[in-house]
>>> print(open('query.txt').read())   # compact mmCIF, C-alpha atoms
# COMPACT_ATOMS: atom_id res chain seq x y z
CA MET C 1471 26.52 27.30 -28.31
CA ASP C 1472 29.24 27.52 -30.95
CA HIS C 1473 27.71 24.98 -33.31
CA SER C 1474 30.91 24.81 -35.36
CA VAL C 1475 32.14 22.19 -32.91
CA TRP C 1476 29.48 19.71 -34.08
CA SER C 1477 30.70 16.89 -36.29
CA VAL C 1478 29.96 13.21 -36.93
CA PRO C 1479 32.94 10.95 -36.12
CA ALA C 1480 32.18 7.25 -36.63
CA ARG C 1481 32.94 4.81 -33.82
CA GLU C 1482 32.32 1.13 -33.25
CA PRO C 1483 29.85 0.32 -30.45
CA ALA C 1484 30.95 -1.68 -27.44
CA ALA C 1485 29.03 -3.75 -24.93
CA ILE C 1486 28.39 -2.11 -21.54
CA ALA C 1487 27.42 -3.98 -18.39
CA HIS C 1488 24.13 -2.96 -16.81
CA GLY C 1489 21.02 -4.44 -15.26
CA GLY C 1490 18.58 -6.71 -17.01
CA ASP C 1491 21.08 -9.40 -18.06
CA LEU C 1492 18.88 -12.39 -17.20
CA GLY C 1493 20.60 -14.51 -19.83
CA GLY C 1494 23.92 -14.20 -18.02
CA LEU C 1495 22.30 -14.91 -14.67
CA ARG C 1496 20.61 -18.04 -15.98
CA LYS C 1497 24.01 -19.37 -17.05
CA ALA C 1498 25.60 -18.48 -13.70
CA PHE C 1499 22.69 -19.86 -11.65
CA PRO C 1500 21.22 -22.68 -13.77
CA ASP C 1501 19.24 -24.18 -10.87
CA ALA C 1502 17.43 -20.95 -9.99
CA PRO C 1503 13.64 -21.24 -10.21
CA GLU C 1504 11.81 -19.78 -13.18
CA PRO C 1505 10.48 -17.30 -13.97
CA TRP C 1506 13.14 -14.91 -12.76
CA LEU C 1507 12.05 -11.87 -10.78
CA ASP C 1508 14.05 -9.04 -12.37
CA LEU C 1509 14.68 -6.27 -9.84
CA SER C 1510 17.93 -5.19 -11.51
CA THR C 1511 16.42 -2.30 -13.47
CA GLY C 1512 14.64 0.85 -12.30
CA ILE C 1513 11.50 0.37 -14.39
CA ASN C 1514 7.97 0.98 -13.15
CA PRO C 1515 6.65 -2.53 -12.37
CA VAL C 1516 3.06 -1.41 -12.98
CA PRO C 1517 2.99 -0.41 -16.66
CA TYR C 1518 0.72 2.06 -18.33
CA PRO C 1519 -2.33 0.26 -19.77
CA VAL C 1520 -1.50 0.13 -23.45
CA PRO C 1521 -4.41 1.53 -25.48
CA PRO C 1522 -5.61 -0.09 -28.71
CA VAL C 1523 -3.41 0.79 -31.67
CA GLU C 1524 -4.83 1.11 -35.17
CA ALA C 1525 -3.75 -1.81 -37.35
CA SER C 1526 -2.38 0.63 -39.94
CA ALA C 1527 0.25 1.80 -37.44
CA TRP C 1528 1.97 -1.54 -37.98
CA THR C 1529 1.75 -1.58 -41.77
CA ARG C 1530 2.71 1.93 -42.92
CA LEU C 1531 5.43 4.46 -42.23
CA PRO C 1532 4.64 7.06 -39.55
CA GLU C 1533 3.31 10.37 -40.81
CA ALA C 1534 4.75 13.76 -39.95
CA ALA C 1535 1.52 14.77 -38.22
CA GLU C 1536 1.81 11.78 -35.87
CA VAL C 1537 5.36 12.68 -34.96
CA ARG C 1538 4.28 16.27 -34.37
CA ALA C 1539 1.44 15.13 -32.10
CA LEU C 1540 3.85 13.11 -29.96
CA ARG C 1541 6.25 16.04 -29.74
CA GLU C 1542 3.42 18.30 -28.60
CA ALA C 1543 2.31 15.79 -25.96
CA ALA C 1544 5.88 15.43 -24.71
CA ALA C 1545 6.40 19.20 -24.59
CA ALA C 1546 3.26 19.56 -22.46
CA ALA C 1547 4.20 16.67 -20.15
CA TYR C 1548 7.79 17.84 -19.62
CA GLY C 1549 7.15 21.58 -19.56
CA ALA C 1550 9.23 22.27 -22.67
CA PRO C 1551 8.64 25.62 -24.41
CA GLY C 1552 7.14 23.95 -27.47
CA ALA C 1553 7.13 20.97 -29.82
CA ASP C 1554 10.09 22.31 -31.81
CA HIS C 1555 12.23 21.80 -28.69
CA VAL C 1556 11.45 18.06 -28.49
CA VAL C 1557 13.11 15.17 -30.34
CA PRO C 1558 11.53 11.70 -30.04
CA ALA C 1559 13.96 8.80 -30.28
CA PRO C 1560 13.83 5.00 -30.12
CA GLY C 1561 14.92 5.01 -26.49
CA THR C 1562 17.08 7.38 -24.46
CA GLN C 1563 20.08 5.09 -24.92
CA ILE C 1564 20.20 6.02 -28.60
CA LEU C 1565 20.42 9.68 -27.60
CA ILE C 1566 23.21 8.92 -25.12
CA GLU C 1567 25.10 7.31 -28.02
CA THR C 1568 24.23 9.99 -30.58
CA LEU C 1569 25.14 13.20 -28.75
CA PRO C 1570 28.87 12.43 -28.38
CA ARG C 1571 29.11 11.67 -32.09
CA LEU C 1572 27.77 15.12 -32.98
CA LEU C 1573 30.50 16.99 -31.12
CA ALA C 1574 34.13 17.32 -32.14
CA PRO C 1575 36.40 15.54 -29.61
CA THR C 1576 36.75 17.63 -26.49
CA ARG C 1577 37.04 17.41 -22.71
CA VAL C 1578 33.99 15.94 -20.99
CA ALA C 1579 33.23 15.92 -17.26
CA VAL C 1580 30.72 13.33 -16.00
CA LEU C 1581 29.31 13.85 -12.53
CA GLY C 1582 29.72 10.45 -10.90
CA PRO C 1583 29.44 7.81 -9.87
CA THR C 1584 26.47 7.45 -12.19
CA TYR C 1585 24.99 5.49 -15.10
CA ALA C 1586 28.12 4.07 -16.74
CA GLU C 1587 26.94 4.37 -20.34
CA HIS C 1588 27.33 8.15 -20.39
CA ALA C 1589 31.11 8.08 -19.88
CA ALA C 1590 31.40 5.02 -22.12
CA ALA C 1591 29.55 6.69 -25.01
CA TRP C 1592 31.62 9.87 -24.87
CA THR C 1593 34.83 7.82 -24.63
CA ARG C 1594 33.87 5.70 -27.65
CA ALA C 1595 33.34 8.88 -29.66
CA GLY C 1596 36.90 10.00 -28.99
CA HIS C 1597 36.37 12.47 -26.14
CA ALA C 1598 38.59 12.82 -23.07
CA VAL C 1599 36.31 11.89 -20.18
CA THR C 1600 36.86 12.62 -16.50
CA GLU C 1601 34.57 11.68 -13.63
CA ILE C 1602 34.01 14.56 -11.22
CA PRO C 1603 32.49 14.54 -7.71
CA GLY C 1604 30.44 17.74 -8.06
CA LEU C 1605 29.31 20.43 -10.52
CA ASP C 1606 31.85 22.85 -9.09
CA ALA C 1607 34.61 20.59 -10.44
CA VAL C 1608 33.71 20.98 -14.14
CA GLY C 1609 36.78 23.16 -14.61
CA GLY C 1610 37.75 23.68 -18.23
CA ALA C 1611 35.69 20.80 -19.63
CA ARG C 1612 33.66 21.79 -22.68
CA VAL C 1613 30.87 19.31 -21.90
CA ALA C 1614 29.39 18.28 -18.56
CA VAL C 1615 27.00 15.38 -17.99
CA ILE C 1616 24.71 15.18 -14.97
CA VAL C 1617 22.08 12.57 -14.11
CA ASP C 1618 19.46 14.16 -11.85
CA PRO C 1619 17.96 12.36 -9.96
CA ASN C 1620 21.12 10.33 -10.08
CA ASN C 1621 21.36 6.60 -10.72
CA PRO C 1622 22.12 4.75 -8.44
CA ASP C 1623 22.03 7.03 -5.38
CA GLY C 1624 19.15 9.40 -6.22
CA ARG C 1625 21.30 12.49 -5.65
CA THR C 1626 19.72 15.74 -6.82
CA HIS C 1627 20.80 19.35 -7.27
CA SER C 1628 18.75 22.50 -6.99
CA LEU C 1629 17.26 23.92 -10.15
CA ALA C 1630 19.24 27.12 -9.60
CA GLU C 1631 22.53 25.20 -9.43
CA ARG C 1632 21.80 23.22 -12.59
CA ARG C 1633 20.64 26.30 -14.50
CA ALA C 1634 23.72 28.25 -13.46
CA ARG C 1635 25.99 25.47 -14.71
CA ALA C 1636 24.11 25.24 -18.02
CA GLU C 1637 24.34 29.01 -18.51
CA SER C 1638 28.04 29.03 -17.63
CA LEU C 1639 28.84 26.28 -20.13
CA GLY C 1640 26.63 27.81 -22.81
CA ALA C 1641 28.32 31.20 -22.43
CA ARG C 1642 31.67 29.68 -23.42
CA GLY C 1643 30.35 27.49 -26.22
CA GLY C 1644 29.96 24.38 -24.10
CA LEU C 1645 27.16 21.95 -23.35
CA LEU C 1646 25.40 20.55 -20.30
CA VAL C 1647 23.72 17.18 -20.88
CA ALA C 1648 21.13 16.68 -18.15
CA ASP C 1649 19.75 13.15 -17.94
CA GLU C 1650 16.39 13.33 -16.17
CA ALA C 1651 15.45 9.69 -16.77
CA PHE C 1652 14.04 9.29 -13.25
CA ALA C 1653 12.50 12.75 -12.83
CA ASP C 1654 8.91 12.02 -13.88
CA LEU C 1655 7.73 10.53 -10.59
CA GLU C 1656 9.98 12.56 -8.27
CA PRO C 1657 9.36 15.92 -6.57
CA VAL C 1658 12.14 17.63 -8.52
CA GLU C 1659 12.14 20.66 -10.83
CA SER C 1660 13.05 19.90 -14.43
CA LEU C 1661 15.38 21.85 -16.68
CA CYS C 1662 13.05 21.27 -19.62
CA PRO C 1663 11.25 24.64 -19.30
CA HIS C 1664 14.64 26.38 -19.35
CA VAL C 1665 16.33 24.84 -22.40
CA ALA C 1666 18.58 27.19 -24.36
CA PRO C 1667 21.74 26.84 -26.46
CA GLY C 1668 24.21 24.92 -24.33
CA LEU C 1669 21.69 22.59 -22.68
CA VAL C 1670 20.21 19.24 -23.75
CA VAL C 1671 17.81 17.41 -21.42
CA LEU C 1672 17.15 13.67 -21.81
CA ARG C 1673 13.85 12.14 -20.69
CA SER C 1674 13.03 8.44 -20.49
CA PHE C 1675 9.58 7.09 -21.35
CA GLY C 1676 10.03 3.37 -20.69
CA LYS C 1677 11.09 3.71 -17.04
CA THR C 1678 8.17 5.89 -15.99
CA TYR C 1679 5.49 4.06 -17.91
CA GLY C 1680 6.86 0.54 -17.42
CA LEU C 1681 7.13 0.04 -21.19
CA ALA C 1682 10.88 -0.26 -21.73
CA GLY C 1683 10.35 -2.62 -24.66
CA LEU C 1684 8.51 0.10 -26.57
CA ARG C 1685 11.86 1.91 -26.96
CA LEU C 1686 10.94 5.57 -26.65
CA GLY C 1687 12.82 8.51 -25.23
CA PHE C 1688 13.21 12.24 -25.77
CA ALA C 1689 15.80 14.99 -26.06
CA VAL C 1690 14.69 18.51 -25.14
CA ALA C 1691 16.83 21.36 -26.45
CA ASP C 1692 16.72 24.70 -28.24
CA PRO C 1693 15.16 24.32 -31.72
CA ALA C 1694 18.47 24.48 -33.64
CA THR C 1695 20.08 21.79 -31.50
CA ALA C 1696 16.89 19.72 -31.55
CA ALA C 1697 16.89 19.84 -35.35
CA ARG C 1698 20.52 18.70 -35.44
CA ILE C 1699 19.78 15.72 -33.17
CA ALA C 1700 16.70 14.81 -35.20
CA ALA C 1701 18.72 14.91 -38.42
CA ALA C 1702 21.29 12.56 -36.91
CA LEU C 1703 18.56 10.07 -35.97
CA GLY C 1704 17.13 10.16 -39.47
CA PRO C 1705 13.53 9.81 -40.68
CA TRP C 1706 11.03 7.46 -39.04
CA ALA C 1707 13.20 7.05 -35.94
CA VAL C 1708 10.17 6.17 -33.81
CA SER C 1709 7.71 3.44 -34.82
CA GLY C 1710 4.05 4.12 -35.49
CA PRO C 1711 2.84 2.11 -32.47
CA ALA C 1712 5.31 3.93 -30.21
CA LEU C 1713 4.05 7.28 -31.49
CA ALA C 1714 0.45 6.36 -30.68
CA ILE C 1715 1.10 4.77 -27.28
CA GLY C 1716 3.55 7.49 -26.26
CA ARG C 1717 1.11 10.26 -27.11
CA ALA C 1718 -1.68 8.61 -25.11
CA ALA C 1719 0.48 7.99 -22.06
CA LEU C 1720 2.13 11.41 -22.00
CA SER C 1721 -1.29 13.06 -22.23
CA ASP C 1722 -2.55 11.13 -19.18
CA ALA C 1723 -1.50 13.38 -16.31
CA GLY C 1724 -3.86 11.62 -13.91
CA TRP C 1725 -2.18 8.25 -14.42
CA ARG C 1726 1.25 9.80 -13.94
CA SER C 1727 0.19 11.48 -10.69
CA GLU C 1728 -1.26 8.27 -9.27
CA ALA C 1729 1.82 6.32 -10.34
CA ALA C 1730 4.04 8.76 -8.45
CA ARG C 1731 1.96 8.31 -5.28
CA ALA C 1732 1.79 4.52 -5.54
CA ARG C 1733 5.46 3.98 -6.38
CA ALA C 1734 6.55 6.24 -3.51
CA ALA C 1735 4.53 4.04 -1.17
CA ASP C 1736 6.13 0.94 -2.70
CA ALA C 1737 9.60 2.44 -2.25
CA ALA C 1738 8.89 3.11 1.43
CA ARG C 1739 7.72 -0.49 1.82
CA LEU C 1740 10.89 -1.77 0.18
CA ASP C 1741 13.01 0.42 2.47
CA ARG C 1742 11.40 -1.18 5.52
CA MET C 1743 11.93 -4.67 4.14
CA ILE C 1744 15.61 -4.02 3.40
CA ALA C 1745 16.15 -2.40 6.81
CA ARG C 1746 14.65 -5.42 8.59
CA ALA C 1747 17.19 -7.55 6.72
CA GLY C 1748 20.03 -5.42 8.09
CA GLY C 1749 20.53 -3.18 5.07
CA ARG C 1750 21.12 0.57 5.19
CA ILE C 1751 19.40 2.64 2.53
CA VAL C 1752 21.89 5.04 0.95
CA GLY C 1753 19.68 6.55 -1.75
CA GLY C 1754 17.45 5.93 -4.72
CA THR C 1755 14.22 7.11 -6.28
CA CYS C 1756 10.68 5.79 -6.08
CA LEU C 1757 11.58 3.28 -8.82
CA PHE C 1758 14.68 1.80 -7.17
CA ARG C 1759 16.37 1.70 -3.77
CA THR C 1760 20.10 1.44 -3.16
CA ALA C 1761 21.39 -0.11 0.06
CA ASP C 1762 24.62 -1.13 1.74
CA VAL C 1763 24.52 -4.55 3.38
CA SER C 1764 27.31 -6.17 5.36
CA ASP C 1765 27.06 -9.44 3.42
CA GLY C 1766 26.46 -7.91 -0.02
CA PRO C 1767 28.09 -10.61 -2.19
CA ASP C 1768 26.45 -13.41 -0.19
CA LEU C 1769 23.03 -11.77 -0.33
CA TYR C 1770 23.42 -11.21 -4.07
CA ARG C 1771 24.14 -14.93 -4.54
CA ARG C 1772 21.25 -15.99 -2.30
CA LEU C 1773 18.87 -13.77 -4.24
CA ALA C 1774 20.14 -15.06 -7.57
CA ALA C 1775 19.88 -18.68 -6.40
CA ALA C 1776 16.24 -17.91 -5.63
CA GLY C 1777 15.73 -16.49 -9.13
CA ILE C 1778 15.79 -12.82 -8.08
CA ALA C 1779 18.03 -10.38 -9.97
CA VAL C 1780 19.29 -7.20 -8.32
CA ARG C 1781 22.01 -4.75 -9.39
CA ARG C 1782 25.46 -5.09 -7.88
CA PHE C 1783 28.50 -2.81 -8.17
CA ALA C 1784 32.00 -4.17 -8.70
CA GLU C 1785 33.60 -1.19 -7.00
CA ARG C 1786 31.30 -1.50 -3.95
CA PRO C 1787 30.63 -5.21 -3.30
CA ASN C 1788 28.40 -4.53 -0.29
CA ARG C 1789 26.13 -2.19 -2.26
CA LEU C 1790 23.01 -3.52 -4.00
CA ARG C 1791 20.25 -1.77 -5.91
CA PHE C 1792 16.72 -3.13 -5.76
CA GLY C 1793 13.95 -2.40 -8.22
CA LEU C 1794 10.32 -2.59 -7.11
CA PRO C 1795 8.47 -5.93 -7.15
CA ALA C 1796 5.12 -6.08 -8.93
CA GLY C 1797 2.24 -7.76 -7.13
CA LYS C 1798 1.83 -9.73 -3.91
CA ALA C 1799 3.59 -12.89 -5.10
CA ALA C 1800 6.72 -10.95 -6.10
CA TRP C 1801 6.82 -9.06 -2.81
CA CYS C 1802 6.48 -12.29 -0.86
CA ARG C 1803 9.18 -13.97 -2.91
CA LEU C 1804 11.64 -11.18 -2.15
CA SER C 1805 10.65 -11.09 1.50
CA ARG C 1806 11.35 -14.79 1.97
CA VAL C 1807 14.96 -14.38 0.84
CA LEU C 1808 15.57 -11.18 2.79
CA ARG C 1809 14.30 -12.78 5.98
>>> encode(input="query.txt", output="structure tokens")
Amino acid sequence: MDHSVWSVPAREPAAIAHGGDLGGLRKAFPDAPEPWLDLSTGINPVPYPVPPVEASAWTRLPEAAEVRALREAAAAAYGAPGADHVVPAPGTQILIETLPRLLAPTRVAVLGPTYAEHAAAWTRAGHAVTEIPGLDAVGGARVAVIVDPNNPDGRTHSLAERRARAESLGARGGLLVADEAFADLEPVESLCPHVAPGLVVLRSFGKTYGLAGLRLGFAVADPATAARIAAALGPWAVSGPALAIGRAALSDAGWRSEAARARAADAARLDRMIARAGGRIVGGTCLFRTADVSDGPDLYRRLAAAGIAVRRFAERPNRLRFGLPAGKAAWCRLSRVLR
């Protein structure tokens, strides 16, 4: 990549609509029963069992060796070439916001429809953003953004196709940003082992391990680009407890394998439940299912009145996205409304 294009323009943040807004739902549906069942986000409902954390992790600044240990664990878990290719961050969202501010304003193509914050972040940083229907429509854009598996439809592309696009952009000084937030538990091939100048891969920790509140995510890139991202985040970007918990979880391949099996079974169960209610599954991953239903707005309201939050889409009112319930009571609660 021609790193001369990197710069740091300052922009004001703006609020973006997404799942998890229980406060807004409580105002809109004040009579809904508590506690709310939040199925509006694609987060593993069965979290990783948090190990004990040394008390000193809360009272001192993280040490370089602890950061290095987390980077090594992440490199092993994601198949990255080495720890120098990995940048830990306080959540993937921070990386989505940071990357556009490190590039001089240019043309950006976002493969959509997808997670809205990608286009919003690049737009806020002064870039000219266009949504494209496929990777073959990148055209003359200097930057392309792809979410694979995609949110909300679970669309994927072959590894060969993604690598070819990354190499093509890199050869002309461009960048492919590949958001693999939902890749951990899916049978897809990651770009992480193939990072080179012109490619940045984003990986989410909170979704896979059900610990979104920990705020931990990763960028995987060539060492020079990784160092630039790390410098933009500044020192002590990740808390001591997050370093310890993240390292333990990422090193637990057995838990991750079992989680993939169990969540796939849950997703199949949810598909059957939605189908019995007249919905048609149009995509998703093992952490969320997206369906078209003939009475989408009415079903959304009935679910919300029952204290159940799902994701809706303004541009497709009959489309709803369901996260996975956790435990028998939650499954039964959802089933009663869908019936």
>>> closest_atom_pairs(input="query.txt", of="range 1511-1568 of chain C", to="range 1708-1718 of chain C", cutoff="9 Å", atoms="all atoms listed in the file", output="Markdown table")
| residue | atom | partner | partner_atom | distance |
| --- | --- | --- | --- | --- |
| C:Val1520 | CA | C:Ile1715 | CA | 6.6 |
| C:Pro1521 | CA | C:Ile1715 | CA | 6.6 |
| C:Pro1522 | CA | C:Ile1715 | CA | 8.4 |
| C:Val1523 | CA | C:Pro1711 | CA | 6.4 |
| C:Glu1524 | CA | C:Pro1711 | CA | 8.2 |
| C:Ser1526 | CA | C:Gly1710 | CA | 8.6 |
| C:Ala1527 | CA | C:Gly1710 | CA | 4.9 |
| C:Trp1528 | CA | C:Gly1710 | CA | 6.5 |
| C:Thr1529 | CA | C:Gly1710 | CA | 8.8 |
| C:Arg1530 | CA | C:Gly1710 | CA | 7.9 |
| C:Leu1531 | CA | C:Gly1710 | CA | 6.9 |
| C:Pro1532 | CA | C:Gly1710 | CA | 5.0 |
| C:Glu1533 | CA | C:Gly1710 | CA | 8.2 |
| C:Glu1536 | CA | C:Leu1713 | CA | 6.7 |
| C:Val1537 | CA | C:Leu1713 | CA | 6.6 |
| C:Ala1539 | CA | C:Arg1717 | CA | 7.0 |
| C:Leu1540 | CA | C:Arg1717 | CA | 4.9 |
| C:Arg1541 | CA | C:Arg1717 | CA | 8.2 |
| C:Glu1542 | CA | C:Arg1717 | CA | 8.5 |
| C:Ala1543 | CA | C:Arg1717 | CA | 5.8 |
| C:Ala1544 | CA | C:Arg1717 | CA | 7.4 |
| C:Pro1558 | CA | C:Val1708 | CA | 6.8 |
| C:Ala1559 | CA | C:Val1708 | CA | 5.8 |
| C:Pro1560 | CA | C:Val1708 | CA | 5.3 |
| C:Gly1561 | CA | C:Val1708 | CA | 8.8 |
>>> atom_distance(input="query.txt", atom1="CA of Ala1700 in chain C", atom2="CA of Leu1629 in chain C")
26.7 Å
>>> closest_atom_pairs(input="query.txt", of="range 1490-1578 of chain C", to="range 1652-1659 of chain C", cutoff="10 Å", atoms="all atoms listed in the file", output="tab-separated table")
residue	atom	partner	partner_atom	distance
C:Gly1512	CA	C:Phe1652	CA	8.5
C:Ile1513	CA	C:Phe1652	CA	9.3
C:Asn1514	CA	C:Leu1655	CA	9.9
C:Ala1547	CA	C:Asp1654	CA	9.1
C:Tyr1548	CA	C:Asp1654	CA	8.3
>>> residues_around(input="query.txt", residues="Tyr1518 in chain C", least_positions_apart="6", cutoff="12 Å", atoms="only C-alpha atoms", output="MDAnalysis selection string")
chainID C and resid 1675:1682 1684 1715:1716 1718:1726 1728:1729
>>> closest_residue(input="query.txt", among="C:Val1617, C:Cys1802, C:Val1647, C:Cys1756", to="Ala1691 in chain C", atoms="only C-alpha atoms")
C:Val1647
>>> atom_distance(input="query.txt", atom1="CA of Ile1616 in chain C", atom2="CA of Ala1648 in chain C")
5.0 Å
>>> closest_residue(input="query.txt", among="C:Val1608, C:Val1556, C:Ala1761, C:Leu1661", to="Ser1638 in chain C", atoms="only C-alpha atoms")
C:Val1608
>>> closest_residue(input="query.txt", among="C:Ala1775, C:Leu1790, C:Leu1645, C:Ala1734", to="Pro1622 in chain C", atoms="all atoms listed in the file")
C:Leu1790
>>> atom_distance(input="query.txt", atom1="CA of Glu1601 in chain C", atom2="CA of Gly1624 in chain C")
17.3 Å
>>> closest_residue(input="query.txt", among="C:Arg1632, C:Arg1673, C:Arg1791, C:Arg1806", to="Gly1754 in chain C", atoms="all atoms listed in the file")
C:Arg1791
>>> residues_around(input="query.txt", residues="Ala1702 in chain C", least_positions_apart="4", cutoff="12 Å", atoms="all atoms listed in the file", output="list of chain:residue names")
C:Trp1476, C:Ser1477, C:Val1478, C:Pro1479, C:Val1557, C:Pro1558, C:Ala1559, C:Ile1564, C:Leu1565, C:Glu1567, C:Thr1568, C:Leu1569, C:Pro1570, C:Arg1571, C:Leu1572, C:Leu1573, C:Thr1695, C:Ala1696, C:Ala1697, C:Arg1698, C:Trp1706, C:Ala1707
>>> closest_residue(input="query.txt", among="C:Leu1509, C:Ala1641, C:Leu1672, C:Ala1701", to="His1588 in chain C", atoms="all atoms listed in the file")
C:Leu1672
>>> closest_residue(input="query.txt", among="C:Ala1784, C:Ala1636, C:Ala1732, C:Leu1773", to="Pro1515 in chain C", atoms="all atoms listed in the file")
C:Ala1732
>>> residues_around(input="query.txt", residues="Ser1764 in chain C", least_positions_apart="4", cutoff="9 Å", atoms="only C-alpha atoms", output="compact mmCIF listing (two decimals) with C-alpha atoms, keeping the file's coordinate frame")
# COMPACT_ATOMS: atom_id res chain seq x y z
CA GLY C 1748 20.03 -5.42 8.09
CA GLY C 1749 20.53 -3.18 5.07
CA ASN C 1788 28.40 -4.53 -0.29
CA ARG C 1789 26.13 -2.19 -2.26
>>> residues_near_point(input="query.txt", point="(15.6, -6.1, -12.1)", cutoff="9 Å", atoms="all atoms listed in the file", output="ChimeraX atom specification")
/C:1489-1492,1507-1513,1778-1781,1791-1795
>>> write_last_selection(input="query.txt", atoms="C-alpha atoms", output="mmCIF file, keeping the file's coordinate frame")
data_model
loop_
_atom_site.group_PDB
_atom_site.id
_atom_site.type_symbol
_atom_site.label_atom_id
_atom_site.label_comp_id
_atom_site.auth_asym_id
_atom_site.auth_seq_id
_atom_site.Cartn_x
_atom_site.Cartn_y
_atom_site.Cartn_z
ATOM 1 C CA GLY C 1489 21.020 -4.440 -15.260
ATOM 2 C CA GLY C 1490 18.580 -6.710 -17.010
ATOM 3 C CA ASP C 1491 21.080 -9.400 -18.060
ATOM 4 C CA LEU C 1492 18.880 -12.390 -17.200
ATOM 5 C CA LEU C 1507 12.050 -11.870 -10.780
ATOM 6 C CA ASP C 1508 14.050 -9.040 -12.370
ATOM 7 C CA LEU C 1509 14.680 -6.270 -9.840
ATOM 8 C CA SER C 1510 17.930 -5.190 -11.510
ATOM 9 C CA THR C 1511 16.420 -2.300 -13.470
ATOM 10 C CA GLY C 1512 14.640 0.850 -12.300
ATOM 11 C CA ILE C 1513 11.500 0.370 -14.390
ATOM 12 C CA ILE C 1778 15.790 -12.820 -8.080
ATOM 13 C CA ALA C 1779 18.030 -10.380 -9.970
ATOM 14 C CA VAL C 1780 19.290 -7.200 -8.320
ATOM 15 C CA ARG C 1781 22.010 -4.750 -9.390
ATOM 16 C CA ARG C 1791 20.250 -1.770 -5.910
ATOM 17 C CA PHE C 1792 16.720 -3.130 -5.760
ATOM 18 C CA GLY C 1793 13.950 -2.400 -8.220
ATOM 19 C CA LEU C 1794 10.320 -2.590 -7.110
ATOM 20 C CA PRO C 1795 8.470 -5.930 -7.150
#
>>> residues_around(input="query.txt", residues="Gly1610 in chain C", least_positions_apart="3", cutoff="9 Å", atoms="only C-alpha atoms", output="PyMOL selection string")
chain C and resi 1577+1607+1613
>>> decode(input="query.txt", residues="range 1716-1720 of chain C", atoms="all heavy atoms", output="PDB file, in the first residue's frame")
ATOM      1  N   GLY C1716      -9.492 -12.076  27.596  1.00  0.00           N
ATOM      2  CA  GLY C1716      -9.351 -12.335  26.169  1.00  0.00           C
ATOM      3  C   GLY C1716      -8.320 -13.402  25.874  1.00  0.00           C
ATOM      4  O   GLY C1716      -8.539 -14.281  25.036  1.00  0.00           O
ATOM      5  N   ARG C1717      -7.194 -13.346  26.561  1.00  0.00           N
ATOM      6  CA  ARG C1717      -6.152 -14.351  26.334  1.00  0.00           C
ATOM      7  C   ARG C1717      -6.658 -15.741  26.703  1.00  0.00           C
ATOM      8  O   ARG C1717      -6.449 -16.706  25.959  1.00  0.00           O
ATOM      9  CB  ARG C1717      -4.918 -14.000  27.161  1.00  0.00           C
ATOM     10  CG  ARG C1717      -3.787 -15.012  27.019  1.00  0.00           C
ATOM     11  CD  ARG C1717      -2.657 -14.716  27.991  1.00  0.00           C
ATOM     12  NE  ARG C1717      -1.579 -15.683  27.878  1.00  0.00           N
ATOM     13  CZ  ARG C1717      -0.560 -15.758  28.727  1.00  0.00           C
ATOM     14  NH1 ARG C1717      -0.479 -14.911  29.749  1.00  0.00           N
ATOM     15  NH2 ARG C1717       0.381 -16.669  28.562  1.00  0.00           N
ATOM     16  N   ALA C1718      -7.349 -15.864  27.833  1.00  0.00           N
ATOM     17  CA  ALA C1718      -7.855 -17.166  28.259  1.00  0.00           C
ATOM     18  C   ALA C1718      -8.869 -17.715  27.255  1.00  0.00           C
ATOM     19  O   ALA C1718      -8.817 -18.888  26.867  1.00  0.00           O
ATOM     20  CB  ALA C1718      -8.481 -17.056  29.648  1.00  0.00           C
ATOM     21  N   ALA C1719      -9.793 -16.881  26.824  1.00  0.00           N
ATOM     22  CA  ALA C1719     -10.840 -17.336  25.919  1.00  0.00           C
ATOM     23  C   ALA C1719     -10.278 -17.706  24.548  1.00  0.00           C
ATOM     24  O   ALA C1719     -10.628 -18.749  23.977  1.00  0.00           O
ATOM     25  CB  ALA C1719     -11.904 -16.251  25.780  1.00  0.00           C
ATOM     26  N   LEU C1720      -9.418 -16.880  24.008  1.00  0.00           N
ATOM     27  CA  LEU C1720      -8.865 -17.145  22.682  1.00  0.00           C
ATOM     28  C   LEU C1720      -7.984 -18.398  22.670  1.00  0.00           C
ATOM     29  O   LEU C1720      -7.825 -19.032  21.626  1.00  0.00           O
ATOM     30  CB  LEU C1720      -8.062 -15.936  22.200  1.00  0.00           C
ATOM     31  CG  LEU C1720      -8.900 -14.713  21.809  1.00  0.00           C
ATOM     32  CD1 LEU C1720      -8.029 -13.483  21.706  1.00  0.00           C
ATOM     33  CD2 LEU C1720      -9.633 -14.959  20.498  1.00  0.00           C
TER      34      LEU C1720
END
